[in-house]
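Trainee: The structure that follows is given in the form of structure tokens.
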Amino acid sequence: MKKVNQFLLGAIQALVDLGIISNGLLGIGFLIVGPIYIFTNAISFKQIGNNWAIELLLYFDILLFMAVFLYGCLALHHILNNINLQKYFAPANMVALRKLMFSFLILTILDGINTVVNHFINITTQLDFFPCGNYYAYFISLIICYLVYFIFKRGLTLQNENNSII
């Protein structure tokens, strides 16, 4: 069972690292190429009337999503590193869990706002690449993260009490 757990933790760590690398590279590419497309009209969103101001807002919105996602992946990376080092109830895990909860909170709020705005400008179904309607998943992830945080917080308290008794 120990080998299975090590394999699963290694696979999860590899997926998170792949997410960090790919999101980072995609973000850098989008940061450079995005304004060129917006201001040169090489490509435009016909659904929103070729309005460069709205396209620019979409550009910054997507960049913000990418940055928050990267922030959450980095926090998850730190948690997995500590778990691989068998530091389960470390204060660093608490900090990383708070960062992960913060990223899920921001993603929940942003996606809720995006869904409402997209509904009003009537592009909900036309933009397949845009992450709309995931706020339920982000909210459930936020709740699960809070529960894990609560368990880790209690475990850290018990560990500190145990260390003080010895």
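Going through the structure tokens in order, the chains are called A, B, and so on, while each chain numbers its residues from 1 and the ligands are numbered from 1 in the order shown.
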Could you build a table of the residues in region 61-93 of chain A lying no more than 12 Å from region 29-37 of chain A, giving for each the nearest pair of atoms and their separation in Å rounded to one decimal place, using only C-alpha atoms, ordered by chain and ascending residue number, as a Markdown table?
Mentor:
| residue | atom | partner | partner_atom | distance |
| --- | --- | --- | --- | --- |
| A:Asp61 | CA | A:Leu31 | CA | 11.7 |
| A:Ile62 | CA | A:Phe30 | CA | 9.0 |
| A:Leu63 | CA | A:Leu31 | CA | 7.4 |
| A:Leu64 | CA | A:Leu31 | CA | 10.8 |
| A:Met66 | CA | A:Phe30 | CA | 9.8 |
| A:Ala67 | CA | A:Leu31 | CA | 11.0 |
Trainee: List every residue of chain A that DSSP, applied to the backbone of this structure, assigns to helix (DSSP H, G or I), and report them as a PyMOL selection string.
Mentor: chain A and resi 2-40+46-48+52-84+91-120+135-165
Trainee: Since we have the selection now, will you write its residues out, keeping C-alpha atoms, as a short mmCIF file (atom, residue, chain, number, x, y, z; two decimals), in the first residue's frame?
Mentor:
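Just written: selection.cif:
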data_model
loop_
_atom_site.label_atom_id
_atom_site.label_comp_id
_atom_site.auth_asym_id
_atom_site.auth_seq_id
_atom_site.Cartn_x
_atom_site.Cartn_y
_atom_site.Cartn_z
CA LYS A 2 2.90 2.33 0.73
CA LYS A 3 4.24 1.91 -2.82
CA VAL A 4 0.80 2.67 -4.28
CA ASN A 5 0.56 5.86 -2.20
CA GLN A 6 4.04 6.93 -3.27
CA PHE A 7 3.17 6.27 -6.91
CA LEU A 8 -0.09 8.22 -6.66
CA LEU A 9 1.57 11.14 -4.89
CA GLY A 10 4.31 11.17 -7.53
CA ALA A 11 1.74 11.10 -10.34
CA ILE A 12 -0.24 13.93 -8.74
CA GLN A 13 2.96 15.92 -8.22
CA ALA A 14 3.88 15.40 -11.90
CA LEU A 15 0.42 16.56 -13.04
CA VAL A 16 0.57 19.66 -10.86
CA ASP A 17 4.08 20.45 -12.12
CA LEU A 18 2.91 19.94 -15.70
CA GLY A 19 0.00 22.31 -14.98
CA ILE A 20 2.40 24.93 -13.60
CA ILE A 21 4.73 24.69 -16.59
CA SER A 22 2.02 24.61 -19.25
CA ASN A 23 -0.03 27.39 -17.66
CA GLY A 24 3.09 29.50 -17.21
CA LEU A 25 4.16 29.07 -20.83
CA LEU A 26 0.64 29.61 -22.13
CA GLY A 27 0.31 32.72 -19.96
CA ILE A 28 3.58 34.17 -21.25
CA GLY A 29 2.55 33.45 -24.83
CA PHE A 30 -0.91 34.92 -24.30
CA LEU A 31 0.61 37.96 -22.59
CA ILE A 32 2.72 38.66 -25.67
CA VAL A 33 0.40 37.63 -28.50
CA GLY A 34 -2.95 38.72 -27.03
CA PRO A 35 -2.52 42.49 -27.47
CA ILE A 36 -1.26 42.00 -31.03
CA TYR A 37 -4.49 40.22 -31.94
CA ILE A 38 -6.64 42.79 -30.18
CA PHE A 39 -5.05 45.92 -31.59
CA THR A 40 -4.23 44.71 -35.11
CA LYS A 46 -17.47 38.70 -34.01
CA GLN A 47 -19.98 37.79 -31.31
CA ILE A 48 -19.22 40.97 -29.35
CA TRP A 52 -11.63 46.30 -28.86
CA ALA A 53 -12.44 47.56 -25.34
CA ILE A 54 -14.46 44.42 -24.55
CA GLU A 55 -11.77 42.29 -26.19
CA LEU A 56 -9.18 43.98 -23.97
CA LEU A 57 -11.31 43.28 -20.88
CA LEU A 58 -11.60 39.64 -21.97
CA TYR A 59 -7.84 39.55 -22.41
CA PHE A 60 -7.21 40.81 -18.88
CA ASP A 61 -9.89 38.51 -17.51
CA ILE A 62 -8.24 35.48 -19.08
CA LEU A 63 -4.84 36.61 -17.81
CA LEU A 64 -6.27 37.00 -14.31
CA PHE A 65 -7.76 33.50 -14.48
CA MET A 66 -4.38 32.14 -15.55
CA ALA A 67 -2.53 33.97 -12.78
CA VAL A 68 -4.93 32.81 -10.06
CA PHE A 69 -4.81 29.24 -11.39
CA LEU A 70 -1.00 29.35 -11.35
CA TYR A 71 -1.07 30.73 -7.79
CA GLY A 72 -3.27 27.82 -6.68
CA CYS A 73 -1.10 25.25 -8.47
CA LEU A 74 2.01 26.62 -6.76
CA ALA A 75 0.28 26.33 -3.38
CA LEU A 76 -0.72 22.76 -4.18
CA HIS A 77 2.87 22.05 -5.25
CA HIS A 78 4.12 23.18 -1.82
CA ILE A 79 1.59 20.98 -0.04
CA LEU A 80 2.57 17.95 -2.11
CA ASN A 81 6.27 18.61 -1.46
CA ASN A 82 5.67 18.65 2.28
CA ILE A 83 3.55 15.51 2.14
CA ASN A 84 6.25 13.73 0.12
CA PRO A 91 2.73 25.30 9.44
CA ALA A 92 3.84 25.66 5.81
CA ASN A 93 0.94 23.40 4.80
CA MET A 94 -1.47 25.71 6.57
CA VAL A 95 -0.11 28.70 4.65
CA ALA A 96 -0.30 26.80 1.36
CA LEU A 97 -3.86 25.68 2.10
CA ARG A 98 -4.88 29.28 2.79
CA LYS A 99 -3.36 30.29 -0.56
CA LEU A 100 -5.22 27.46 -2.28
CA MET A 101 -8.50 28.50 -0.62
CA PHE A 102 -7.88 32.10 -1.68
CA SER A 103 -7.34 31.04 -5.28
CA PHE A 104 -10.57 28.98 -5.27
CA LEU A 105 -12.44 31.93 -3.76
CA ILE A 106 -11.16 34.30 -6.45
CA LEU A 107 -11.92 31.77 -9.20
CA THR A 108 -15.44 31.31 -7.83
CA ILE A 109 -16.11 35.05 -7.76
CA LEU A 110 -14.54 35.71 -11.17
CA ASP A 111 -16.37 32.88 -12.85
CA GLY A 112 -19.68 33.96 -11.34
CA ILE A 113 -19.13 37.50 -12.59
CA ASN A 114 -18.09 36.21 -16.02
CA THR A 115 -21.17 34.04 -16.31
CA VAL A 116 -23.47 36.97 -15.53
CA VAL A 117 -21.63 39.37 -17.84
CA ASN A 118 -21.49 36.83 -20.66
CA HIS A 119 -25.19 36.27 -20.29
CA PHE A 120 -25.89 39.99 -20.62
CA TYR A 135 -18.22 28.47 -10.24
CA TYR A 136 -20.04 25.48 -8.73
CA ALA A 137 -16.93 23.34 -9.13
CA TYR A 138 -14.77 26.14 -7.73
CA PHE A 139 -17.15 26.60 -4.81
CA ILE A 140 -17.20 22.86 -4.00
CA SER A 141 -13.39 22.83 -4.24
CA LEU A 142 -13.30 25.79 -1.87
CA ILE A 143 -15.48 23.90 0.63
CA ILE A 144 -13.34 20.76 0.38
CA CYS A 145 -10.19 22.83 0.77
CA TYR A 146 -11.65 24.48 3.87
CA LEU A 147 -12.47 21.08 5.38
CA VAL A 148 -8.94 19.84 4.70
CA TYR A 149 -7.61 23.09 6.20
CA PHE A 150 -9.73 22.52 9.31
CA ILE A 151 -8.42 18.95 9.64
CA PHE A 152 -4.81 20.09 9.17
CA LYS A 153 -5.31 22.89 11.68
CA ARG A 154 -6.64 20.44 14.26
CA GLY A 155 -3.81 18.00 13.50
CA LEU A 156 -1.22 20.75 13.94
CA THR A 157 -2.78 21.71 17.28
CA LEU A 158 -2.71 18.10 18.47
CA GLN A 159 0.87 17.70 17.29
CA ASN A 160 1.94 20.85 19.14
CA GLU A 161 0.16 19.65 22.32
CA ASN A 162 1.86 16.28 21.99
CA ASN A 163 5.27 17.91 21.53
CA SER A 164 4.73 20.16 24.57
CA ILE A 165 3.86 17.18 26.78
#
